[in-house]
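Structure file coords03.csv; described as CSV, C-alpha atoms.
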```
chain,number,residue,atom,x,y,z
A,1,MET,CA,0.0,0.0,0.0
A,2,ALA,CA,1.3,3.5,-0.9
A,3,LEU,CA,1.8,6.1,1.7
A,4,PRO,CA,-0.1,9.4,1.4
A,5,HIS,CA,2.8,11.2,-0.1
A,6,GLN,CA,3.9,14.8,0.5
A,7,PRO,CA,3.5,16.7,-2.8
A,8,THR,CA,6.8,17.4,-4.5
A,9,ASP,CA,7.4,20.4,-6.7
A,10,ALA,CA,6.8,18.2,-9.7
A,11,HIS,CA,3.4,17.0,-8.4
A,12,ARG,CA,2.3,20.6,-7.7
A,13,SER,CA,3.5,21.7,-11.1
A,14,VAL,CA,1.5,18.9,-12.8
A,15,GLN,CA,-1.6,19.7,-10.8
A,16,HIS,CA,-1.3,23.3,-11.9
A,17,ALA,CA,-0.5,22.3,-15.5
A,18,LEU,CA,-3.6,20.1,-15.8
A,19,ARG,CA,-5.7,23.0,-14.5
A,20,VAL,CA,-4.1,25.3,-17.1
A,21,LEU,CA,-4.7,22.8,-19.9
A,22,GLU,CA,-8.3,22.4,-18.9
A,23,ILE,CA,-8.8,26.2,-19.1
A,24,VAL,CA,-7.0,26.5,-22.4
A,25,ALA,CA,-9.0,23.6,-23.9
A,26,ARG,CA,-12.3,25.2,-22.7
A,27,ARG,CA,-11.4,28.5,-24.4
A,28,GLY,CA,-10.7,27.2,-27.8
A,29,THR,CA,-10.1,30.7,-29.3
A,30,GLY,CA,-7.2,31.4,-26.9
A,31,VAL,CA,-6.8,32.8,-23.4
A,32,GLY,CA,-4.4,35.4,-22.2
A,33,GLU,CA,-1.9,35.0,-19.4
A,34,ALA,CA,-3.7,37.4,-17.1
A,35,ASP,CA,-7.0,35.5,-17.6
A,36,LEU,CA,-5.2,32.2,-17.0
A,37,ALA,CA,-3.7,33.5,-13.7
A,38,ARG,CA,-7.2,34.7,-12.6
A,39,GLN,CA,-9.0,31.5,-13.5
A,40,SER,CA,-6.3,29.1,-12.2
A,41,GLY,CA,-5.7,31.1,-9.0
A,42,MET,CA,-1.9,31.0,-9.8
A,43,HIS,CA,0.5,33.8,-9.1
A,44,PRO,CA,2.2,35.1,-12.3
A,45,ALA,CA,5.6,34.1,-10.8
A,46,GLU,CA,4.4,30.5,-10.8
A,47,LEU,CA,2.3,30.6,-14.0
A,48,THR,CA,5.0,32.1,-16.3
A,49,PRO,CA,7.6,29.3,-16.0
A,50,LEU,CA,4.8,26.7,-16.1
A,51,LEU,CA,3.6,28.1,-19.4
A,52,ARG,CA,7.2,28.1,-20.7
A,53,MET,CA,7.4,24.4,-19.9
A,54,LEU,CA,4.0,23.6,-21.5
A,55,ARG,CA,5.1,25.5,-24.6
A,56,ARG,CA,8.4,23.7,-24.7
A,57,GLU,CA,6.6,20.3,-24.5
A,58,GLY,CA,4.1,21.3,-27.1
A,59,TYR,CA,1.0,21.1,-24.8
A,60,VAL,CA,0.1,24.8,-25.5
A,61,GLY,CA,0.9,27.2,-28.3
A,62,GLN,CA,0.7,31.0,-28.7
A,63,VAL,CA,-1.2,32.9,-31.4
A,64,ALA,CA,-0.3,36.3,-32.7
A,65,ASP,CA,-1.9,38.3,-29.9
A,66,GLY,CA,-0.1,36.3,-27.3
A,67,ALA,CA,-3.1,34.2,-26.2
A,68,TYR,CA,-2.5,30.5,-25.4
A,69,VAL,CA,-4.2,27.7,-27.3
A,70,THR,CA,-4.0,24.0,-27.3
A,71,GLY,CA,-0.6,22.8,-28.6
A,72,ALA,CA,0.3,20.3,-31.2
A,73,SER,CA,1.3,17.6,-28.7
A,74,LEU,CA,-2.0,17.7,-26.9
A,75,THR,CA,-3.9,17.8,-30.2
A,76,ARG,CA,-2.1,14.7,-31.4
A,77,LEU,CA,-2.8,12.9,-28.2
A,78,GLY,CA,-6.5,13.8,-28.3
A,79,SER,CA,-6.9,12.7,-32.0
A,80,ALA,CA,-4.6,9.7,-32.0
A,81,HIS,CA,-6.2,6.4,-33.0
A,82,ASP,CA,-3.8,4.6,-30.6
A,83,ARG,CA,-3.7,7.0,-27.7
A,84,ALA,CA,-1.5,4.6,-25.6
A,85,ARG,CA,1.1,4.5,-28.4
A,86,ALA,CA,1.0,8.3,-28.8
A,87,LEU,CA,1.6,8.7,-25.0
A,88,ARG,CA,4.5,6.3,-25.1
A,89,GLU,CA,6.1,8.3,-28.0
A,90,LYS,CA,5.6,11.6,-26.2
A,91,LEU,CA,7.1,10.1,-23.0
A,92,ARG,CA,10.1,8.8,-24.9
A,93,HIS,CA,10.7,12.2,-26.6
A,94,THR,CA,10.5,13.8,-23.1
A,95,LEU,CA,13.0,11.3,-21.7
A,96,GLY,CA,15.3,11.8,-24.6
A,97,GLY,CA,15.4,15.5,-23.9
A,98,LEU,CA,16.0,14.9,-20.3
A,99,ARG,CA,18.9,12.5,-21.1
A,100,ASP,CA,20.5,15.1,-23.2
A,101,THR,CA,20.1,17.9,-20.6
A,102,LEU,CA,21.6,15.7,-17.8
A,103,GLY,CA,24.2,13.9,-19.9
A,104,ALA,CA,23.0,10.7,-18.1
A,105,ALA,CA,20.8,7.7,-18.9
A,106,VAL,CA,17.3,8.2,-17.4
A,107,TYR,CA,14.7,5.6,-16.3
A,108,VAL,CA,11.0,5.5,-15.5
A,109,SER,CA,9.9,2.8,-13.1
A,110,ARG,CA,6.7,1.6,-11.4
A,111,TYR,CA,5.8,-0.6,-8.5
A,112,VAL,CA,3.1,-2.9,-9.9
A,113,ASP,CA,1.6,-5.9,-8.2
A,114,GLY,CA,4.4,-6.0,-5.6
A,115,GLU,CA,7.2,-5.8,-8.1
A,116,ILE,CA,9.6,-3.2,-9.5
A,117,ARG,CA,9.3,-2.6,-13.2
A,118,VAL,CA,11.5,-0.3,-15.3
A,119,THR,CA,8.9,0.7,-17.9
A,120,ASP,CA,10.9,3.2,-20.0
A,121,PHE,CA,14.5,4.5,-20.4
A,122,ALA,CA,16.6,6.7,-22.6
A,123,ASP,CA,20.3,6.2,-23.0
A,124,GLY,CA,22.9,6.9,-25.7
A,125,PRO,CA,26.6,6.7,-26.5
A,126,ARG,CA,27.4,9.5,-24.1
A,127,ALA,CA,24.8,8.4,-21.5
A,128,PRO,CA,25.2,4.6,-21.1
A,129,LYS,CA,22.6,2.8,-19.1
A,130,VAL,CA,23.5,0.8,-16.1
A,131,ASN,CA,24.4,-2.8,-16.6
A,132,GLU,CA,21.5,-4.7,-15.0
A,133,TRP,CA,23.7,-7.5,-13.7
A,134,VAL,CA,21.2,-8.3,-11.0
A,135,ASP,CA,17.4,-8.1,-11.8
A,136,PHE,CA,16.0,-4.8,-10.5
A,137,ARG,CA,13.1,-6.7,-9.1
A,138,VAL,CA,15.3,-8.4,-6.5
A,139,SER,CA,17.6,-5.6,-5.8
A,140,ALA,CA,15.4,-2.8,-4.5
A,141,HIS,CA,17.4,-2.5,-1.3
A,142,ALA,CA,20.5,-1.5,-3.3
A,143,SER,CA,19.3,0.6,-6.2
A,144,ALA,CA,18.1,4.3,-6.2
A,145,VAL,CA,15.1,3.2,-8.2
A,146,GLY,CA,14.2,0.5,-5.7
A,147,LYS,CA,14.7,2.7,-2.6
A,148,SER,CA,12.7,5.5,-4.2
A,149,LEU,CA,9.8,3.1,-4.8
A,150,LEU,CA,10.0,1.4,-1.4
A,151,GLY,CA,10.1,4.7,0.2
A,152,GLN,CA,6.6,5.5,-1.1
A,153,LEU,CA,5.1,2.3,0.4
A,154,ASP,CA,3.8,1.9,3.9
A,155,LEU,CA,5.8,-0.2,6.4
A,156,ASP,CA,3.8,-3.4,5.9
A,157,ALA,CA,4.3,-3.2,2.1
A,158,ARG,CA,8.0,-2.6,2.5
A,159,ARG,CA,8.4,-5.6,4.8
A,160,ASP,CA,6.3,-7.7,2.5
A,161,HIS,CA,8.6,-6.8,-0.4
A,162,LEU,CA,11.8,-7.5,1.6
A,163,SER,CA,10.4,-10.8,2.8
A,164,ARG,CA,10.1,-12.0,-0.8
A,165,HIS,CA,13.4,-10.6,-2.0
A,166,LYS,CA,16.5,-11.3,0.1
A,167,MET,CA,18.8,-8.4,0.7
A,168,ALA,CA,21.9,-9.8,-0.9
A,169,ARG,CA,25.2,-8.0,-0.8
A,170,LEU,CA,25.9,-6.8,-4.3
A,171,THR,CA,28.9,-4.6,-3.5
A,172,SER,CA,30.8,-3.6,-0.4
A,173,ARG,CA,28.5,-0.6,0.0
A,174,THR,CA,25.2,-2.5,-0.2
A,175,ILE,CA,22.9,-2.3,2.9
A,176,THR,CA,21.9,-5.8,3.9
A,177,ASN,CA,20.4,-5.0,7.3
A,178,GLU,CA,16.6,-4.6,7.1
A,179,ARG,CA,16.4,-2.4,10.2
A,180,VAL,CA,19.0,0.0,8.8
A,181,LEU,CA,17.3,0.1,5.4
A,182,LEU,CA,13.8,0.8,6.8
A,183,SER,CA,15.3,3.5,9.1
A,184,ASN,CA,16.9,5.1,6.1
A,185,LEU,CA,13.7,5.0,4.1
A,186,ASP,CA,11.8,6.6,7.0
A,187,ALA,CA,14.4,9.4,7.2
A,188,GLN,CA,14.4,10.1,3.5
A,189,ALA,CA,12.5,13.4,2.7
A,190,PRO,CA,10.2,12.9,-0.3
A,191,THR,CA,11.5,16.1,-1.9
A,192,VAL,CA,15.1,15.0,-1.8
A,193,PRO,CA,16.6,12.6,-4.4
A,194,VAL,CA,17.5,9.1,-3.3
A,195,LEU,CA,21.1,8.2,-4.1
A,196,ASP,CA,22.9,5.0,-4.9
A,197,LEU,CA,26.7,5.4,-4.5
A,198,GLN,CA,27.9,2.1,-6.0
A,199,GLU,CA,25.5,0.1,-3.8
A,200,TYR,CA,23.9,-1.8,-6.8
A,201,ALA,CA,26.9,-2.0,-9.1
A,202,VAL,CA,30.6,-1.1,-8.8
A,203,GLY,CA,31.3,1.7,-11.3
A,204,THR,CA,27.9,3.3,-11.3
A,205,VAL,CA,26.1,5.9,-9.3
A,206,CYS,CA,22.4,6.7,-9.5
A,207,ALA,CA,19.7,9.1,-8.2
A,208,ALA,CA,15.9,8.8,-8.2
A,209,VAL,CA,12.9,11.0,-7.4
A,210,PRO,CA,9.2,10.0,-6.9
A,211,ILE,CA,6.8,10.6,-9.8
A,212,THR,CA,3.7,8.9,-8.5
A,213,ALA,CA,0.7,9.5,-10.7
A,214,GLY,CA,-2.7,8.6,-9.1
A,215,ALA,CA,-2.5,5.4,-7.2
A,216,THR,CA,0.5,4.0,-9.1
A,217,VAL,CA,3.8,4.5,-7.3
A,218,GLY,CA,6.5,5.6,-9.7
A,219,SER,CA,10.1,6.9,-9.9
A,220,LEU,CA,12.3,8.8,-12.3
A,221,ALA,CA,16.0,8.0,-12.1
A,222,LEU,CA,19.4,8.7,-13.7
A,223,SER,CA,22.6,6.8,-13.7
A,224,LEU,CA,26.2,7.9,-14.3
A,225,PRO,CA,29.5,6.1,-14.6
A,226,VAL,CA,31.5,6.5,-11.4
A,227,ALA,CA,34.0,8.6,-13.3
A,228,ASN,CA,31.3,11.3,-13.4
A,229,ALA,CA,30.3,10.9,-9.8
A,230,HIS,CA,31.3,14.5,-9.2
A,231,ARG,CA,28.2,15.5,-11.3
A,232,LEU,CA,25.7,13.3,-9.4
A,233,HIS,CA,24.4,15.8,-6.9
A,234,ALA,CA,23.9,18.6,-9.5
A,235,ALA,CA,22.3,16.1,-11.9
A,236,ALA,CA,20.0,14.8,-9.2
A,237,GLU,CA,18.8,18.3,-8.4
A,238,THR,CA,18.2,19.0,-12.1
A,239,LEU,CA,16.3,15.7,-12.3
A,240,ASN,CA,14.1,16.8,-9.4
A,241,ARG,CA,13.4,20.2,-11.0
A,242,LYS,CA,12.7,18.7,-14.4
A,243,ALA,CA,10.5,15.8,-13.3
A,244,ALA,CA,7.3,17.6,-14.1
A,245,PRO,CA,7.2,17.1,-17.9
A,246,VAL,CA,7.7,13.3,-17.3
A,247,LEU,CA,5.0,13.1,-14.7
A,248,LEU,CA,2.7,15.2,-16.9
A,249,SER,CA,3.2,12.6,-19.8
A,250,LEU,CA,2.1,9.9,-17.3
A,251,ALA,CA,-0.8,11.9,-15.9
A,252,ILE,CA,-2.5,13.1,-19.1
```
Final C-alpha cells representation of the file:
Amino acid sequence: MALPHQPTDAHRSVQHALRVLEIVARRGTGVGEADLARQSGMHPAELTPLLRMLRREGYVGQVADGAYVTGASLTRLGSAHDRARALREKLRHTLGGLRDTLGAAVYVSRYVDGEIRVTDFADGPRAPKVNEWVDFRVSAHASAVGKSLLGQLDLDARRDHLSRHKMARLTSRTITNERVLLSNLDAQAPTVPVLDLQEYAVGTVCAAVPITAGATVGSLALSLPVANAHRLHAAAETLNRKAAPVLLSLAI
C-alpha cells in the first residue's frame, strides 16, 4: 500500500498544469496569461515558468496576440487512434530531452503488483545505461530506483517486499540489514533525491525521485559512470526540478 505522499514540486506543477490545460481547452479561441492567472488562481511568478514548460513540451501554443491555445502535442494525443502509443512516444521524446540535458541515462519505473518494473528509459553513446547485472526486481534494497519506490510504500508493504526478496550483498556498499534500510527510508525526505553510491553496481552511481501518478507508485531515475560521480548531486537536483514534464506525460 502506498503512503499518502507529501506533494513534491513536480506534483504541484503537474496539478497546476492540468488545470491550465483544462482552461485553455475550454477556451478554444485562446486565453491570455492574465486570464489564466485569474481562472487558475496561480500567481504570475508560478504561471509564467509553467507556461514556458508547457510550450516547450508542445502542450500549449501561442497565437499572434499572445493568447494561449491547445498545442500540437495535446492535439495529437487527443486525436490519436492509438492513444496509448502516442503517449509512449511523447514520454520517450521527453525522456530523450532529459537525457541530453543531464548527460545521463534516465529511467521511469513503477511498483506494480508488488514488483519493480522499469517501464521506459533513454540512453545513448554519451549516456550509457546501467548494466542490469542483477534483476532490479530483486535488488530494490540496493538501487536508487528501488529505494525510491519502497520509500513510497507503507511499512507493511516494505516488509512484504523484503520478505520476498532477500537483501543480498551486491557490492561492499550494499545495505543488507533490514532495520537499517527501513530506518533510512523513514528518514528520506520525499522532496530530496534518493542516491545509490555504487550500492547496486561497482562503477555506477544513481539518483531517483518519486513521480507517483494517481495510485501508481513511480520513480524517475538517472545513472552515471563513477568517473562522473562529481556530477551526481547537481544532476540529481536538475532531475528533481525537471521531473514535471515526465510526470505530466504519465498523468494526461
Mind checking which residues fall within 7 Å of segment 168-170 of chain A, counting only C-alpha atoms, ignoring those fewer than 3 positions away in the same chain, and posting them as a list in words?
-> Thr174, Thr176, Glu199, Tyr200 and Ala201 of chain A
Keeping only C-alpha atoms, write those residues as a CSV table (one decimal), keeping the file's coordinate frame.
```csv
chain,number,residue,atom,x,y,z
A,174,THR,CA,25.2,-2.5,-0.2
A,176,THR,CA,21.9,-5.8,3.9
A,199,GLU,CA,25.5,0.1,-3.8
A,200,TYR,CA,23.9,-1.8,-6.8
A,201,ALA,CA,26.9,-2.0,-9.1
```
Would you list the residues near (-0.7, 13.7, -25.6) (no more than 12 Å away, in the coordinates of the file, using only C-alpha atoms) as a ChimeraX atom specification?
-> /A:21,54,57-60,70-94,245-246,248-252
File dump, residues just selected, C-alpha atoms, as a tab-separated table (two decimals), in the frame of the given file:
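Produced file selection-v9.tsv, reproduced below:
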```tsv
chain	number	residue	atom	x	y	z
A	21	LEU	CA	-4.70	22.80	-19.90
A	54	LEU	CA	4.00	23.60	-21.50
A	57	GLU	CA	6.60	20.30	-24.50
A	58	GLY	CA	4.10	21.30	-27.10
A	59	TYR	CA	1.00	21.10	-24.80
A	60	VAL	CA	0.10	24.80	-25.50
A	70	THR	CA	-4.00	24.00	-27.30
A	71	GLY	CA	-0.60	22.80	-28.60
A	72	ALA	CA	0.30	20.30	-31.20
A	73	SER	CA	1.30	17.60	-28.70
A	74	LEU	CA	-2.00	17.70	-26.90
A	75	THR	CA	-3.90	17.80	-30.20
A	76	ARG	CA	-2.10	14.70	-31.40
A	77	LEU	CA	-2.80	12.90	-28.20
A	78	GLY	CA	-6.50	13.80	-28.30
A	79	SER	CA	-6.90	12.70	-32.00
A	80	ALA	CA	-4.60	9.70	-32.00
A	81	HIS	CA	-6.20	6.40	-33.00
A	82	ASP	CA	-3.80	4.60	-30.60
A	83	ARG	CA	-3.70	7.00	-27.70
A	84	ALA	CA	-1.50	4.60	-25.60
A	85	ARG	CA	1.10	4.50	-28.40
A	86	ALA	CA	1.00	8.30	-28.80
A	87	LEU	CA	1.60	8.70	-25.00
A	88	ARG	CA	4.50	6.30	-25.10
A	89	GLU	CA	6.10	8.30	-28.00
A	90	LYS	CA	5.60	11.60	-26.20
A	91	LEU	CA	7.10	10.10	-23.00
A	92	ARG	CA	10.10	8.80	-24.90
A	93	HIS	CA	10.70	12.20	-26.60
A	94	THR	CA	10.50	13.80	-23.10
A	245	PRO	CA	7.20	17.10	-17.90
A	246	VAL	CA	7.70	13.30	-17.30
A	248	LEU	CA	2.70	15.20	-16.90
A	249	SER	CA	3.20	12.60	-19.80
A	250	LEU	CA	2.10	9.90	-17.30
A	251	ALA	CA	-0.80	11.90	-15.90
A	252	ILE	CA	-2.50	13.10	-19.10
```
Can you work out the spacing between atom CA of His141 of chain A and atom CA of Gly124 of chain A in Å, to one decimal?
-> 26.7 Å
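For the set A:Tyr68, A:Arg241, A:His230, A:Arg55, the residue with the smallest atom-to-atom gap to Asp35 of chain A is A:Tyr68, counting all atoms listed in the file.
You can rank A:Val194, A:Val226, A:Ala17, A:Ala64 by their closest distance to Lys147 of chain A using all atoms listed in the file, and at the top of that list sits A:Val194.
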Smallest atom-to-atom distance to Val217 of chain A: which of A:Asp156, A:Glu115, A:Asp120, A:Asp186, using only C-alpha atoms?
-> A:Glu115
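Straight-line separation from atom CA of Gln152 of chain A to atom CA of Ser219 of chain A: 9.6 Å.
Among the candidates A:Glu33, A:Ala157, A:Arg38, A:Gly96, the residue lying nearest to Gln62 of chain A is A:Glu33 (atoms considered: only C-alpha atoms).
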Please list as a compact mmCIF listing (two decimals) with C-alpha atoms, in the frame of the given file every residue within 12 Å of Ala37 of chain A, counting only C-alpha atoms and excluding residues in the same chain fewer than 4 positions away.
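For reference, around_9.txt as written:
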```txt
# COMPACT_ATOMS: atom_id res chain seq x y z
CA HIS A 16 -1.30 23.30 -11.90
CA ALA A 17 -0.50 22.30 -15.50
CA ARG A 19 -5.70 23.00 -14.50
CA VAL A 20 -4.10 25.30 -17.10
CA ILE A 23 -8.80 26.20 -19.10
CA VAL A 24 -7.00 26.50 -22.40
CA VAL A 31 -6.80 32.80 -23.40
CA GLY A 32 -4.40 35.40 -22.20
CA GLU A 33 -1.90 35.00 -19.40
CA GLY A 41 -5.70 31.10 -9.00
CA MET A 42 -1.90 31.00 -9.80
CA HIS A 43 0.50 33.80 -9.10
CA PRO A 44 2.20 35.10 -12.30
CA ALA A 45 5.60 34.10 -10.80
CA GLU A 46 4.40 30.50 -10.80
CA LEU A 47 2.30 30.60 -14.00
CA THR A 48 5.00 32.10 -16.30
CA LEU A 50 4.80 26.70 -16.10
CA LEU A 51 3.60 28.10 -19.40
```
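The space between atom CA of Leu98 of chain A and atom CA of Leu222 of chain A spans 9.7 Å.
For the residues A:Ala142, A:Ala122, A:Val205, A:Leu247, ranking by smallest atom-to-atom distance to Ile175 of chain A using all atoms listed in the file places A:Ala142 first.
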Would you kindly return, as a PyMOL selection string, each protein, DNA or RNA residue with an atom no farther than 12 Å from any atom of Ile211 of chain A, considering all atoms listed in the file and excluding same-chain residues fewer than 6 positions away?
-> chain A and resi 5-14+107-111+145+148-149+152+190-191+193+217-221+239-251
Distance query Ala127 of chain A at most 10 Å, all atoms listed in the file, self and fewer than 2 positions along chain excluded, as a list in words | Arg99, Asp100, Leu102, Gly103, Ala104, Ala105, Val106, Ala122, Asp123, Gly124, Pro125, Lys129, Val130, Leu222, Ser223, Leu224 and Pro225 of chain A
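When all atoms listed in the file are used to measure the gap to Ala67 of chain A, the shortest distance among A:Ala34, A:Thr119, A:Gly97, A:Pro49 belongs to A:Ala34.
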Place N, CA, C and O atoms on segment 56-68 of chain A and deliver the coordinates as a PDB file, in the frame of the given file.
```pdb
ATOM      1  N   ARG A  56       7.260  24.449 -24.341  1.00  0.00           N
ATOM      2  CA  ARG A  56       8.400  23.700 -24.700  1.00  0.00           C
ATOM      3  C   ARG A  56       8.001  22.210 -25.061  1.00  0.00           C
ATOM      4  O   ARG A  56       8.516  21.586 -25.990  1.00  0.00           O
ATOM      5  N   GLU A  57       7.062  21.673 -24.267  1.00  0.00           N
ATOM      6  CA  GLU A  57       6.600  20.300 -24.500  1.00  0.00           C
ATOM      7  C   GLU A  57       5.517  20.179 -25.523  1.00  0.00           C
ATOM      8  O   GLU A  57       5.079  19.074 -25.845  1.00  0.00           O
ATOM      9  N   GLY A  58       5.067  21.312 -26.055  1.00  0.00           N
ATOM     10  CA  GLY A  58       4.100  21.300 -27.100  1.00  0.00           C
ATOM     11  C   GLY A  58       2.637  21.136 -26.647  1.00  0.00           C
ATOM     12  O   GLY A  58       1.735  20.906 -27.461  1.00  0.00           O
ATOM     13  N   TYR A  59       2.391  21.285 -25.342  1.00  0.00           N
ATOM     14  CA  TYR A  59       1.000  21.100 -24.800  1.00  0.00           C
ATOM     15  C   TYR A  59       0.184  22.379 -25.056  1.00  0.00           C
ATOM     16  O   TYR A  59      -1.036  22.295 -25.138  1.00  0.00           O
ATOM     17  N   VAL A  60       0.827  23.542 -25.112  1.00  0.00           N
ATOM     18  CA  VAL A  60       0.100  24.800 -25.500  1.00  0.00           C
ATOM     19  C   VAL A  60       0.949  25.489 -26.543  1.00  0.00           C
ATOM     20  O   VAL A  60       2.148  25.254 -26.700  1.00  0.00           O
ATOM     21  N   GLY A  61       0.280  26.346 -27.295  1.00  0.00           N
ATOM     22  CA  GLY A  61       0.900  27.200 -28.300  1.00  0.00           C
ATOM     23  C   GLY A  61       0.457  28.631 -28.050  1.00  0.00           C
ATOM     24  O   GLY A  61      -0.455  28.884 -27.252  1.00  0.00           O
ATOM     25  N   GLN A  62       1.087  29.577 -28.736  1.00  0.00           N
ATOM     26  CA  GLN A  62       0.700  31.000 -28.700  1.00  0.00           C
ATOM     27  C   GLN A  62       0.320  31.484 -30.032  1.00  0.00           C
ATOM     28  O   GLN A  62       1.008  31.191 -31.014  1.00  0.00           O
ATOM     29  N   VAL A  63      -0.766  32.251 -30.106  1.00  0.00           N
ATOM     30  CA  VAL A  63      -1.200  32.900 -31.400  1.00  0.00           C
ATOM     31  C   VAL A  63      -0.627  34.302 -31.402  1.00  0.00           C
ATOM     32  O   VAL A  63       0.045  34.754 -30.471  1.00  0.00           O
ATOM     33  N   ALA A  64      -0.934  35.006 -32.482  1.00  0.00           N
ATOM     34  CA  ALA A  64      -0.300  36.300 -32.700  1.00  0.00           C
ATOM     35  C   ALA A  64      -0.487  37.315 -31.610  1.00  0.00           C
ATOM     36  O   ALA A  64       0.412  38.105 -31.314  1.00  0.00           O
ATOM     37  N   ASP A  65      -1.639  37.300 -30.974  1.00  0.00           N
ATOM     38  CA  ASP A  65      -1.900  38.300 -29.900  1.00  0.00           C
ATOM     39  C   ASP A  65      -1.361  37.848 -28.556  1.00  0.00           C
ATOM     40  O   ASP A  65      -1.592  38.513 -27.545  1.00  0.00           O
ATOM     41  N   GLY A  66      -0.643  36.725 -28.523  1.00  0.00           N
ATOM     42  CA  GLY A  66      -0.100  36.300 -27.300  1.00  0.00           C
ATOM     43  C   GLY A  66      -0.943  35.323 -26.482  1.00  0.00           C
ATOM     44  O   GLY A  66      -0.527  34.776 -25.453  1.00  0.00           O
ATOM     45  N   ALA A  67      -2.176  35.098 -26.933  1.00  0.00           N
ATOM     46  CA  ALA A  67      -3.100  34.200 -26.200  1.00  0.00           C
ATOM     47  C   ALA A  67      -2.603  32.751 -26.370  1.00  0.00           C
ATOM     48  O   ALA A  67      -1.954  32.386 -27.354  1.00  0.00           O
ATOM     49  N   TYR A  68      -2.936  31.939 -25.378  1.00  0.00           N
ATOM     50  CA  TYR A  68      -2.500  30.500 -25.400  1.00  0.00           C
ATOM     51  C   TYR A  68      -3.666  29.656 -25.897  1.00  0.00           C
ATOM     52  O   TYR A  68      -4.837  29.832 -25.540  1.00  0.00           O
TER      53      TYR A  68
END
```
